[in-house]
Amino acid sequence: MNDEEEKRPYLSSFKDRHGTTRWRFRRSGKTISIPGNPGEDEFEERYQAAIEGREPRKAAVVSMPGAAVPESFKAAWRKVLRSPEWLAHDPATHAKNIRLAEEFLHLNVIDDEPDLWGDMRVKDLKRRHVKDILARYSATPHKAKHLLVTIRKMIVVALDEEWIETDPTWKLSYRPDYVGWRAWTDAEREKFELRWPIGTTPRTAYGLALWLGNRRSDVARVKWSWFDFKRNTVTFETKKGEKKLVLPLTPMLREILEPLDRTKEFVLMTAYGKPFSEKSLTGRMADWTKSAEMPKGCTMHGLRKTLGKMLAETGASTRQLMETLGHDDIQHAELYSRAAEQERLARDGMTKVTRRYQVKKPRVR
């Protein structure tokens, strides 16, 4: 009997087949195994619980605010937020990616199980896991696409930190069908123009979106300094910063701009003399179209699509569409050209059939 056994009632030790000392508590014919060694917190708690005839208490695990498992996705996201690439993004891009990242980090690895992706090590992510995550967003394919972009930001950090050696999303393509906002019809454009004459704010917003093909984010920030009225050009860099565009100033847009006050920095101003925000333009366009008794679906981005449709129908090439609208992805530009080309080819083809097979009626003399 050793010292510990002498001073601790009912405690005894023995050597297992590997020569390791094991401890046990024996009283009234009941034996309880005590893991660890005397002096260790778990050992002491289990021995005291056996003496008192109760279940041992487990140590409370307190999660520190913002704590992250080393080399986990949560740790990777923290590094993303400190990277130069992240700091260069605009506030709208920050907000979108933060929202998507938080959703991913709090996503269950397996449904109905407590483990979250934020606590998983990046190196444990497999290609099948990524496909499973994207499959959960099959009802919102564009969100799935943007979520993949956000996850890749964390993976790039993990590669830079040498937590992983390969990217499990390499060449994993997730491109939903681009349908989105529709182009305005000629009748809808006519209705809007009748309701909102040149000189009004709605007509100005409409003209900038249509004749420059601007995104909502760029319509809100169009400045007078962008225009060279002598050379008939408009020069600007898109808000996303991916392209610098030089576009011709069409007579249609010049007519809309002609009566406007040019003493302010921005072309499009609110009634309070302030520039519009991106989000407010969406709501205002909905109000303006409703006032013109137009159907739902006539959005500001739909005017950008309207210009794309006009370009395609008048014979613009895919490359011309890309350079005018600022597209980097040929798939977007081909949406317009394919529809126009199909209609033109079908019309030309059926014209030939008609000429060949139409029964000509004899002339009445």
# chains A, B, ... in the order shown; residues from 1 in each chain; ligands from 1
>>> residues_around(residues="stretch 262-272 of chain A", least_positions_apart="3", cutoff="10 Å", atoms="only C-alpha atoms", output="ChimeraX atom specification")
/A:201-202,204-205,208,219-226,257-259,275-277
>>> residues_around(residues="stretch 101-107 of chain A", least_positions_apart="3", cutoff="8 Å", atoms="only C-alpha atoms", output="ChimeraX atom specification")
/A:73-74,77,97-98,116-119,147,150-151
>>> write_last_selection(atoms="N, CA, C and O atoms", output="CSV table (one decimal), in the first residue's frame")
chain,number,residue,atom,x,y,z
A,73,PHE,N,-12.1,27.9,-40.1
A,73,PHE,CA,-12.7,28.8,-41.0
A,73,PHE,C,-12.9,30.2,-40.3
A,73,PHE,O,-12.7,31.2,-40.9
A,74,LYS,N,-13.3,30.1,-39.0
A,74,LYS,CA,-13.5,31.3,-38.3
A,74,LYS,C,-12.1,32.1,-38.2
A,74,LYS,O,-12.1,33.3,-38.3
A,77,TRP,N,-11.4,33.6,-41.5
A,77,TRP,CA,-12.2,34.8,-41.8
A,77,TRP,C,-11.6,36.0,-41.1
A,77,TRP,O,-11.7,37.1,-41.7
A,97,ASN,N,-20.4,40.4,-48.2
A,97,ASN,CA,-19.5,39.3,-47.8
A,97,ASN,C,-19.6,38.9,-46.4
A,97,ASN,O,-19.5,37.7,-46.0
A,98,ILE,N,-19.7,39.9,-45.5
A,98,ILE,CA,-19.8,39.7,-44.1
A,98,ILE,C,-21.1,38.9,-43.8
A,98,ILE,O,-21.1,37.9,-43.0
A,116,LEU,N,-20.3,23.3,-36.2
A,116,LEU,CA,-20.5,24.4,-37.2
A,116,LEU,C,-19.3,24.5,-38.1
A,116,LEU,O,-18.2,24.2,-37.7
A,117,TRP,N,-19.5,24.9,-39.3
A,117,TRP,CA,-18.4,25.1,-40.2
A,117,TRP,C,-17.3,26.1,-39.7
A,117,TRP,O,-16.1,26.0,-40.0
A,118,GLY,N,-17.8,27.1,-39.0
A,118,GLY,CA,-16.8,28.0,-38.5
A,118,GLY,C,-15.8,27.4,-37.6
A,118,GLY,O,-14.6,27.9,-37.5
A,119,ASP,N,-16.1,26.3,-36.9
A,119,ASP,CA,-15.2,25.7,-36.0
A,119,ASP,C,-14.3,24.6,-36.6
A,119,ASP,O,-13.5,24.0,-36.0
A,147,LEU,N,-21.9,32.8,-52.2
A,147,LEU,CA,-21.4,32.2,-51.0
A,147,LEU,C,-20.1,31.5,-51.3
A,147,LEU,O,-19.1,31.5,-50.5
A,150,THR,N,-17.3,33.9,-51.3
A,150,THR,CA,-16.9,34.2,-49.9
A,150,THR,C,-16.0,33.1,-49.3
A,150,THR,O,-15.0,33.4,-48.6
A,151,ILE,N,-16.4,31.9,-49.5
A,151,ILE,CA,-15.7,30.8,-48.9
A,151,ILE,C,-14.3,30.7,-49.5
A,151,ILE,O,-13.3,30.4,-48.8
>>> select_by_dssp(residues="stretch 217-336 of chain A", states="strand (DSSP E or B)", output="list in words")
Lys223, Phe227, Asp228, Thr233, Val234, Thr235, Phe236, Glu237, Lys244, Leu245, Val246, Leu247, Pro248, Phe266, Met269 and Pro275 of chain A
>>> write_last_selection(atoms="N, CA, C and O atoms", output="PDB file, in the first residue's frame")
ATOM      1  N   LYS A 223     -21.402  61.821 -62.173  1.00  0.00           N
ATOM      2  CA  LYS A 223     -20.997  63.209 -61.932  1.00  0.00           C
ATOM      3  C   LYS A 223     -20.940  63.992 -63.246  1.00  0.00           C
ATOM      4  O   LYS A 223     -20.687  63.424 -64.312  1.00  0.00           O
ATOM      5  N   PHE A 227     -18.691  63.996 -68.047  1.00  0.00           N
ATOM      6  CA  PHE A 227     -19.154  64.306 -69.398  1.00  0.00           C
ATOM      7  C   PHE A 227     -18.231  65.304 -70.096  1.00  0.00           C
ATOM      8  O   PHE A 227     -17.816  66.301 -69.511  1.00  0.00           O
ATOM      9  N   ASP A 228     -17.930  65.014 -71.351  1.00  0.00           N
ATOM     10  CA  ASP A 228     -17.252  65.960 -72.231  1.00  0.00           C
ATOM     11  C   ASP A 228     -18.240  66.283 -73.346  1.00  0.00           C
ATOM     12  O   ASP A 228     -18.385  65.518 -74.309  1.00  0.00           O
ATOM     13  N   THR A 233     -18.579  62.514 -75.165  1.00  0.00           N
ATOM     14  CA  THR A 233     -18.163  61.278 -74.506  1.00  0.00           C
ATOM     15  C   THR A 233     -18.491  61.332 -73.020  1.00  0.00           C
ATOM     16  O   THR A 233     -18.647  62.404 -72.428  1.00  0.00           O
ATOM     17  N   VAL A 234     -18.598  60.150 -72.429  1.00  0.00           N
ATOM     18  CA  VAL A 234     -18.780  59.988 -70.986  1.00  0.00           C
ATOM     19  C   VAL A 234     -17.687  59.040 -70.522  1.00  0.00           C
ATOM     20  O   VAL A 234     -17.582  57.920 -71.029  1.00  0.00           O
ATOM     21  N   THR A 235     -16.864  59.460 -69.568  1.00  0.00           N
ATOM     22  CA  THR A 235     -15.749  58.647 -69.093  1.00  0.00           C
ATOM     23  C   THR A 235     -15.906  58.400 -67.596  1.00  0.00           C
ATOM     24  O   THR A 235     -16.056  59.345 -66.820  1.00  0.00           O
ATOM     25  N   PHE A 236     -15.872  57.139 -67.210  1.00  0.00           N
ATOM     26  CA  PHE A 236     -16.000  56.822 -65.791  1.00  0.00           C
ATOM     27  C   PHE A 236     -15.437  55.444 -65.501  1.00  0.00           C
ATOM     28  O   PHE A 236     -15.277  54.608 -66.398  1.00  0.00           O
ATOM     29  N   GLU A 237     -15.145  55.239 -64.217  1.00  0.00           N
ATOM     30  CA  GLU A 237     -14.729  53.919 -63.735  1.00  0.00           C
ATOM     31  C   GLU A 237     -15.875  53.351 -62.928  1.00  0.00           C
ATOM     32  O   GLU A 237     -16.432  54.038 -62.069  1.00  0.00           O
ATOM     33  N   LYS A 244     -12.635  50.813 -66.634  1.00  0.00           N
ATOM     34  CA  LYS A 244     -12.803  52.216 -66.978  1.00  0.00           C
ATOM     35  C   LYS A 244     -13.465  52.248 -68.348  1.00  0.00           C
ATOM     36  O   LYS A 244     -12.972  51.633 -69.297  1.00  0.00           O
ATOM     37  N   LEU A 245     -14.585  52.932 -68.429  1.00  0.00           N
ATOM     38  CA  LEU A 245     -15.361  52.944 -69.666  1.00  0.00           C
ATOM     39  C   LEU A 245     -15.399  54.338 -70.261  1.00  0.00           C
ATOM     40  O   LEU A 245     -15.509  55.335 -69.545  1.00  0.00           O
ATOM     41  N   VAL A 246     -15.285  54.410 -71.574  1.00  0.00           N
ATOM     42  CA  VAL A 246     -15.487  55.646 -72.325  1.00  0.00           C
ATOM     43  C   VAL A 246     -16.618  55.376 -73.303  1.00  0.00           C
ATOM     44  O   VAL A 246     -16.468  54.560 -74.228  1.00  0.00           O
ATOM     45  N   LEU A 247     -17.776  56.014 -73.085  1.00  0.00           N
ATOM     46  CA  LEU A 247     -18.962  55.766 -73.893  1.00  0.00           C
ATOM     47  C   LEU A 247     -19.347  57.021 -74.665  1.00  0.00           C
ATOM     48  O   LEU A 247     -19.081  58.143 -74.218  1.00  0.00           O
ATOM     49  N   PRO A 248     -19.968  56.851 -75.820  1.00  0.00           N
ATOM     50  CA  PRO A 248     -20.454  58.022 -76.549  1.00  0.00           C
ATOM     51  C   PRO A 248     -21.668  58.634 -75.845  1.00  0.00           C
ATOM     52  O   PRO A 248     -22.478  57.913 -75.264  1.00  0.00           O
ATOM     53  N   PHE A 266     -23.073  65.999 -58.464  1.00  0.00           N
ATOM     54  CA  PHE A 266     -23.749  64.817 -59.001  1.00  0.00           C
ATOM     55  C   PHE A 266     -24.896  65.234 -59.920  1.00  0.00           C
ATOM     56  O   PHE A 266     -25.556  66.253 -59.685  1.00  0.00           O
ATOM     57  N   MET A 269     -29.951  64.198 -58.131  1.00  0.00           N
ATOM     58  CA  MET A 269     -30.047  64.753 -56.783  1.00  0.00           C
ATOM     59  C   MET A 269     -31.455  64.569 -56.231  1.00  0.00           C
ATOM     60  O   MET A 269     -32.437  64.585 -56.960  1.00  0.00           O
ATOM     61  N   PRO A 275     -27.132  63.577 -53.080  1.00  0.00           N
ATOM     62  CA  PRO A 275     -27.124  62.475 -54.049  1.00  0.00           C
ATOM     63  C   PRO A 275     -27.921  61.288 -53.523  1.00  0.00           C
ATOM     64  O   PRO A 275     -27.996  61.072 -52.316  1.00  0.00           O
TER      65      PRO A 275
END
>>> select_by_dssp(residues="stretch 23-83 of chain A", states="helix (DSSP H, G or I)", output="list in words")
Asp41, Glu42, Phe43, Glu44, Glu45, Arg46, Tyr47, Gln48, Ala49, Ala50, Ile51, Glu52, Phe73, Lys74, Ala75, Ala76, Trp77, Arg78, Lys79 and Val80 of chain A
>>> residues_around(residues="stretch 109-114 of chain A", least_positions_apart="4", cutoff="9 Å", atoms="only C-alpha atoms", output="PyMOL selection string")
chain A and resi 120+129+133
>>> atom_distance(atom1="atom CA of A:Val69", atom2="atom CA of A:Trp170")
24.6 Å
>>> atom_distance(atom1="atom CA of A:Leu81", atom2="atom CA of A:Ala95")
11.8 Å
>>> closest_residue(among="A:Ile256, A:Leu311, A:Ala49, A:Ala183", to="A:Gly297", atoms="only C-alpha atoms")
A:Ala183
>>> closest_residue(among="A:Lys145, A:Arg254, A:Arg215, A:Arg344", to="A:Ile198", atoms="only C-alpha atoms")
A:Arg254
>>> residues_around(residues="A:Arg57", least_positions_apart="6", cutoff="10 Å", atoms="only C-alpha atoms", output="PDB file with C-alpha atoms, in the first residue's frame")
ATOM      1  CA  GLU A  42     -10.360  15.313 -12.892  1.00  0.00           C
ATOM      2  CA  GLU A  45     -13.264  15.492  -8.571  1.00  0.00           C
ATOM      3  CA  ARG A  46     -14.062  11.857  -9.383  1.00  0.00           C
ATOM      4  CA  ALA A  49     -17.769  12.326  -6.013  1.00  0.00           C
TER       5      ALA A  49
END
>>> closest_residue(among="A:Val156, A:Lys143, A:Ile164, A:Glu44", to="A:Leu125", atoms="only C-alpha atoms")
A:Ile164
>>> atom_distance(atom1="atom CA of A:Thr140", atom2="atom CA of A:Lys153")
20.6 Å
>>> residues_around(residues="A:Pro295", least_positions_apart="2", cutoff="12 Å", atoms="only C-alpha atoms", output="PyMOL selection string")
chain A and resi 184-185+187-189+191-192+286-293+297-299
>>> write_last_selection(atoms="all heavy atoms", output="short mmCIF file (atom, residue, chain, number, x, y, z; two decimals), in the first residue's frame")
data_model
loop_
_atom_site.label_atom_id
_atom_site.label_comp_id
_atom_site.auth_asym_id
_atom_site.auth_seq_id
_atom_site.Cartn_x
_atom_site.Cartn_y
_atom_site.Cartn_z
N TRP A 184 -37.26 46.24 -70.37
CA TRP A 184 -38.54 46.93 -70.51
C TRP A 184 -39.03 46.80 -71.94
O TRP A 184 -38.25 46.78 -72.89
CB TRP A 184 -38.39 48.42 -70.19
CG TRP A 184 -38.12 48.74 -68.75
CD1 TRP A 184 -37.51 47.94 -67.82
CD2 TRP A 184 -38.44 49.97 -68.09
NE1 TRP A 184 -37.42 48.59 -66.61
CE2 TRP A 184 -37.98 49.85 -66.74
CE3 TRP A 184 -39.05 51.15 -68.48
CZ2 TRP A 184 -38.12 50.87 -65.82
CZ3 TRP A 184 -39.19 52.17 -67.55
CH2 TRP A 184 -38.73 52.04 -66.23
N THR A 185 -40.34 46.72 -72.11
CA THR A 185 -40.91 46.70 -73.46
C THR A 185 -41.02 48.13 -73.98
O THR A 185 -40.95 49.10 -73.22
CB THR A 185 -42.31 46.06 -73.45
OG1 THR A 185 -43.20 46.90 -72.68
CG2 THR A 185 -42.27 44.66 -72.83
N ALA A 187 -43.65 49.55 -75.04
CA ALA A 187 -44.87 50.15 -74.48
C ALA A 187 -44.64 50.65 -73.06
O ALA A 187 -45.15 51.72 -72.68
CB ALA A 187 -46.01 49.12 -74.50
N GLU A 188 -43.84 49.91 -72.29
CA GLU A 188 -43.54 50.33 -70.92
C GLU A 188 -42.68 51.58 -70.90
O GLU A 188 -42.91 52.50 -70.10
CB GLU A 188 -42.85 49.18 -70.18
CG GLU A 188 -43.80 48.02 -69.85
CD GLU A 188 -43.07 46.76 -69.44
OE1 GLU A 188 -41.84 46.67 -69.63
OE2 GLU A 188 -43.75 45.83 -68.94
N ARG A 189 -41.73 51.64 -71.80
CA ARG A 189 -40.88 52.83 -71.89
C ARG A 189 -41.72 54.05 -72.28
O ARG A 189 -41.53 55.15 -71.75
CB ARG A 189 -39.76 52.60 -72.90
CG ARG A 189 -38.68 51.62 -72.41
CD ARG A 189 -37.57 51.44 -73.44
NE ARG A 189 -37.10 52.74 -73.89
CZ ARG A 189 -36.96 53.08 -75.17
NH1 ARG A 189 -37.29 52.22 -76.13
NH2 ARG A 189 -36.50 54.27 -75.49
N LYS A 191 -44.87 54.55 -71.69
CA LYS A 191 -45.69 54.93 -70.53
C LYS A 191 -44.89 55.77 -69.54
O LYS A 191 -45.37 56.78 -69.01
CB LYS A 191 -46.23 53.68 -69.84
CG LYS A 191 -47.64 53.31 -70.21
CD LYS A 191 -48.18 52.26 -69.25
CE LYS A 191 -49.69 52.13 -69.41
NZ LYS A 191 -50.29 51.24 -68.39
N PHE A 192 -43.68 55.32 -69.27
CA PHE A 192 -42.84 56.02 -68.30
C PHE A 192 -42.51 57.42 -68.80
O PHE A 192 -42.56 58.40 -68.04
CB PHE A 192 -41.56 55.23 -68.05
CG PHE A 192 -40.76 55.72 -66.88
CD1 PHE A 192 -40.96 55.20 -65.61
CD2 PHE A 192 -39.79 56.72 -67.03
CE1 PHE A 192 -40.23 55.65 -64.52
CE2 PHE A 192 -39.06 57.19 -65.95
CZ PHE A 192 -39.28 56.65 -64.69
N ALA A 286 -39.45 51.89 -58.12
CA ALA A 286 -40.70 51.16 -57.92
C ALA A 286 -41.87 52.13 -57.77
O ALA A 286 -42.96 51.90 -58.33
CB ALA A 286 -40.60 50.24 -56.70
N ASP A 287 -41.64 53.22 -57.04
CA ASP A 287 -42.69 54.23 -56.87
C ASP A 287 -42.99 54.95 -58.19
O ASP A 287 -44.15 55.19 -58.54
CB ASP A 287 -42.26 55.27 -55.82
CG ASP A 287 -42.16 54.68 -54.42
OD1 ASP A 287 -42.81 53.64 -54.17
OD2 ASP A 287 -41.43 55.25 -53.60
N TRP A 288 -41.94 55.29 -58.93
CA TRP A 288 -42.12 56.03 -60.19
C TRP A 288 -42.86 55.19 -61.23
O TRP A 288 -43.72 55.71 -61.94
CB TRP A 288 -40.75 56.45 -60.73
CG TRP A 288 -40.02 57.42 -59.84
CD1 TRP A 288 -40.57 58.31 -58.96
CD2 TRP A 288 -38.60 57.56 -59.72
NE1 TRP A 288 -39.57 59.01 -58.31
CE2 TRP A 288 -38.35 58.58 -58.75
CE3 TRP A 288 -37.50 56.96 -60.34
CZ2 TRP A 288 -37.07 58.99 -58.40
CZ3 TRP A 288 -36.22 57.37 -59.99
CH2 TRP A 288 -36.01 58.37 -59.03
N THR A 289 -42.52 53.90 -61.31
CA THR A 289 -43.21 53.05 -62.29
C THR A 289 -44.65 52.80 -61.88
O THR A 289 -45.55 52.71 -62.73
CB THR A 289 -42.47 51.71 -62.46
OG1 THR A 289 -42.30 51.09 -61.18
CG2 THR A 289 -41.11 51.91 -63.11
N LYS A 290 -44.88 52.69 -60.58
CA LYS A 290 -46.25 52.50 -60.10
C LYS A 290 -47.09 53.73 -60.42
O LYS A 290 -48.26 53.63 -60.83
CB LYS A 290 -46.24 52.24 -58.60
CG LYS A 290 -47.62 51.95 -58.01
CD LYS A 290 -47.55 51.65 -56.53
CE LYS A 290 -48.93 51.35 -55.96
NZ LYS A 290 -48.86 51.05 -54.49
N SER A 291 -46.51 54.91 -60.26
CA SER A 291 -47.21 56.15 -60.57
C SER A 291 -47.55 56.24 -62.05
O SER A 291 -48.54 56.85 -62.44
CB SER A 291 -46.35 57.35 -60.16
OG SER A 291 -46.99 58.56 -60.47
N ALA A 292 -46.72 55.61 -62.87
CA ALA A 292 -46.97 55.59 -64.33
C ALA A 292 -47.90 54.45 -64.73
O ALA A 292 -48.10 54.21 -65.92
CB ALA A 292 -45.64 55.48 -65.08
N GLU A 293 -48.45 53.76 -63.71
CA GLU A 293 -49.38 52.63 -63.93
C GLU A 293 -48.75 51.53 -64.78
O GLU A 293 -49.36 50.99 -65.69
CB GLU A 293 -50.68 53.13 -64.58
CG GLU A 293 -51.43 54.14 -63.71
CD GLU A 293 -52.74 54.59 -64.35
OE1 GLU A 293 -52.95 54.30 -65.54
OE2 GLU A 293 -53.54 55.23 -63.65
N GLY A 297 -41.92 44.62 -62.13
CA GLY A 297 -40.84 44.02 -62.91
C GLY A 297 -40.08 45.02 -63.75
O GLY A 297 -39.07 44.67 -64.37
N CYS A 298 -40.54 46.26 -63.78
CA CYS A 298 -39.83 47.31 -64.52
C CYS A 298 -38.82 47.94 -63.57
O CYS A 298 -39.11 48.94 -62.91
CB CYS A 298 -40.81 48.36 -65.05
SG CYS A 298 -41.96 47.72 -66.27
N THR A 299 -37.65 47.34 -63.48
CA THR A 299 -36.64 47.78 -62.52
C THR A 299 -35.57 48.62 -63.19
O THR A 299 -35.46 48.66 -64.42
CB THR A 299 -35.97 46.56 -61.87
OG1 THR A 299 -35.28 45.82 -62.91
CG2 THR A 299 -36.98 45.65 -61.20
#
